[in-house]
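So this one's upload15.txt, compact mmCIF, C-alpha atoms:
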# COMPACT_ATOMS: atom_id res chain seq x y z
CA MET F 1180 -7.36 11.99 -16.96
CA ILE F 1181 -8.43 10.00 -13.88
CA ASP F 1182 -11.60 8.10 -14.61
CA ARG F 1183 -11.09 4.32 -14.35
CA PRO F 1184 -12.65 3.03 -11.10
CA ARG F 1185 -10.83 0.04 -9.66
CA ILE F 1186 -10.98 -2.09 -6.53
CA VAL F 1187 -7.51 -3.04 -5.30
CA THR F 1188 -7.31 -5.92 -2.83
CA GLY F 1189 -4.56 -7.99 -1.33
CA ILE F 1190 -2.48 -8.97 1.63
CA ALA F 1191 0.29 -6.98 3.31
CA ARG F 1192 2.55 -9.74 4.63
CA ILE F 1193 4.71 -8.95 7.66
CA PRO F 1194 7.52 -11.19 9.01
CA ALA F 1195 5.70 -12.07 12.28
CA PRO F 1196 2.55 -11.10 14.19
CA LEU F 1197 2.76 -7.64 15.76
CA SER F 1198 3.99 -7.31 19.34
CA LYS F 1199 2.44 -3.81 19.71
CA ALA F 1200 -0.38 -1.78 18.17
CA ALA F 1201 0.46 -0.17 14.82
CA VAL F 1202 -1.08 1.34 11.70
CA LEU F 1203 -1.16 -0.25 8.22
CA ILE F 1204 -1.01 2.31 5.40
CA VAL F 1205 -1.39 1.12 1.79
CA THR F 1206 -1.00 3.72 -0.97
CA VAL F 1207 -1.72 3.49 -4.70
CA GLN F 1208 0.46 6.05 -6.44
CA ASP F 1209 1.53 7.35 -9.84
CA THR F 1210 5.30 6.89 -10.12
CA ALA F 1211 5.64 7.84 -13.81
CA LEU F 1212 8.03 10.74 -13.23
CA SER F 1213 11.49 9.56 -12.22
CA ASP F 1214 12.61 12.98 -10.94
CA ALA F 1215 9.53 13.81 -8.86
CA PRO F 1216 7.82 12.42 -5.76
CA ALA F 1217 5.10 9.82 -6.32
CA THR F 1218 1.59 11.23 -6.58
CA PRO F 1219 -0.79 9.44 -4.17
CA LEU F 1220 -4.07 8.41 -5.85
CA CYS F 1221 -5.77 6.66 -2.93
CA ARG F 1222 -4.87 5.39 0.51
CA HIS F 1223 -6.06 2.72 2.96
CA ARG F 1224 -5.35 3.25 6.66
CA GLN F 1225 -6.14 0.61 9.28
CA THR F 1226 -5.38 0.42 13.00
CA LEU F 1227 -3.78 -2.89 13.98
CA SER F 1228 -3.56 -4.59 17.36
CA ALA F 1229 -0.84 -6.65 18.99
CA GLY F 1230 -1.09 -10.18 17.60
CA ASP F 1231 -2.36 -9.12 14.14
CA GLY F 1232 -0.53 -10.67 11.20
CA PRO F 1233 1.42 -12.03 9.54
CA ASP F 1234 -1.14 -11.54 6.73
CA LEU F 1235 -3.00 -8.21 6.84
CA PRO F 1236 -5.82 -7.92 4.26
CA PHE F 1237 -6.57 -4.59 2.58
CA ARG F 1238 -9.12 -3.21 0.11
CA LEU F 1239 -9.07 0.17 -1.64
CA GLU F 1240 -11.37 1.77 -4.18
CA CYS F 1241 -9.47 4.06 -6.54
CA ARG F 1242 -10.04 6.10 -9.65
CA LEU F 1243 -6.95 5.52 -11.78
CA PRO F 1244 -5.53 7.40 -14.75
CA ASP F 1245 -5.37 5.72 -18.16
CA HIS F 1246 -1.68 6.54 -18.40
CA GLY F 1247 1.36 6.63 -16.13
CA ARG F 1248 3.09 4.03 -14.00
CA ILE F 1249 0.75 3.03 -11.18
CA THR F 1250 2.34 1.26 -8.23
CA ILE F 1251 1.29 0.24 -4.73
CA ALA F 1252 3.27 0.52 -1.51
CA ALA F 1253 2.59 -0.39 2.10
CA ARG F 1254 4.01 0.32 5.52
CA VAL F 1255 3.26 -0.66 9.10
CA VAL F 1256 4.16 2.16 11.47
CA ARG F 1257 3.87 2.70 15.20
CA ALA F 1258 3.42 6.48 15.05
CA ALA F 1259 -0.21 7.63 14.90
CA ASP F 1260 0.69 10.32 12.33
CA GLY F 1261 2.07 7.69 9.91
CA SER F 1262 5.68 8.83 10.07
CA LEU F 1263 8.41 6.22 9.66
CA ALA F 1264 10.89 5.24 12.36
CA PRO F 1265 13.54 2.53 12.67
CA GLY F 1266 11.88 -0.85 13.16
CA ASP F 1267 8.76 0.04 11.14
CA LEU F 1268 7.92 -2.21 8.18
CA VAL F 1269 7.86 -1.14 4.51
CA THR F 1270 7.65 -2.56 1.02
CA LYS F 1271 11.13 -2.33 -0.50
CA ALA F 1272 10.26 -3.18 -4.12
CA SER F 1273 8.20 -1.39 -6.73
CA VAL F 1274 4.91 -3.26 -7.16
CA PRO F 1275 3.05 -2.26 -10.34
CA LEU F 1276 -0.71 -2.63 -10.72
CA THR F 1277 -1.00 -4.69 -13.86
CA ARG F 1278 -3.91 -7.16 -13.94
CA GLU F 1279 -7.41 -5.86 -13.40
CA GLY F 1280 -8.81 -7.22 -10.15
CA ALA F 1281 -5.95 -9.60 -9.30
CA PRO F 1282 -5.25 -9.69 -5.52
CA LEU F 1283 -1.77 -8.52 -4.58
CA THR F 1284 0.71 -9.73 -1.99
CA LEU F 1285 2.94 -7.00 -0.59
CA ASP F 1286 5.92 -8.29 1.39
CA LEU F 1287 7.04 -5.87 4.11
CA SER F 1288 10.38 -5.89 5.88
CA PRO F 1289 11.99 -3.78 8.60
CA LEU F 1290 13.16 -0.28 7.76
Give the structure from the file, written as structure tokens.
Amino acid sequence: MIDRPRIVTGIARIPAPLSKAAVLIVTVQDTALSDAPATPLCRHRQTLSAGDGPDLPFRLECRLPDHGRITIAARVVRAADGSLAPGDLVTKASVPLTREGAPLTLDLSPL
């Protein structure tokens, strides 16, 4: 059952300011099933300009289930369709949503 509204805020931290325009995509997802793809619950998408960073703020409003393993992931991509390519930036660790309302810091590194 998905019925808990929640505001998720934080910073996506990249290694250095961007040299080219890109897109920040932050996804809250249910990763409870180990043998299945993550189920996206909500997504934030923001166009970035050259010079943005290293801290990129985000804010999402989600309705979350009362059960499952809810995690958050981020990526900074150059492709307008959101696809990943070498040199794009991604979170490489599982980041669970645990404390209600606590801002998150997501560290991104090159793919």
For a quick check of understanding, using only C-alpha atoms, which of F:Ala1195, F:Gly1280, F:Ser1213, F:His1246 has the smallest distance to Leu1268 in chain F? F:Ala1195
Atom pair CA of Leu1283 in chain F + CA of Ile1190 in chain F, distance 6.3 Å
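Considering only C-alpha atoms, the residue among F:Leu1239, F:Pro1289, F:Thr1226, F:Val1269 positioned nearest to Ala1201 in chain F is F:Thr1226.
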Could you tell me how far CA of Pro1244 in chain F lies from CA of Gly1189 in chain F, in Å and to one decimal? 20.4 Å
Set the distance at 12 Å and use all atoms listed in the file: which residues neighbour Pro1265 in chain F once local chain neighbours fewer than 5 positions away are removed? I'd like the list as a ChimeraX atom specification. /F:1255-1258,1288-1290
If we count all atoms listed in the file and set the cut-off at 9 Å, which residues sit around Gly1247 in chain F, ignoring sequence neighbours fewer than 6 positions away in its own chain? Please answer as a PyMOL selection string. chain F and resi 1209-1212
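If you look at CA of Thr1188 in chain F and CA of Leu1220 in chain F, they are 15.0 Å away from each other.
When all atoms listed in the file are used to compute distances to Arg1192 in chain F, the closest of the residues F:Ala1281, F:Ala1252, F:Leu1235, F:Val1274 turns out to be F:Leu1235.
Nearest to Leu1197 in chain F of all the residues F:Ala1259, F:Ala1215, F:Asp1231, F:Arg1222 is F:Asp1231, based on all atoms listed in the file.
Using all atoms listed in the file, the smallest distance between any of F:Thr1206, F:Ala1200, F:Gly1230, F:Pro1236 and Ala1253 in chain F comes from F:Thr1206.
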Would you compute the box with edges along x, y and z of the file around range 1230-1243 of chain F, including every atom the file lists for it and 3 Å extra on each side, and give its centre and edge lengths in Å to one decimal, as JSON?
{"center_x": -5.0, "center_y": -3.0, "center_z": 2.9, "size_x": 18.8, "size_y": 24.1, "size_z": 35.4}
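Comparing the minimum interatomic distances between Ala1191 in chain F and each of F:Pro1216, F:Gly1266, F:Gly1261, F:Pro1282, counting all atoms listed in the file, we find that F:Pro1282 sits nearest.
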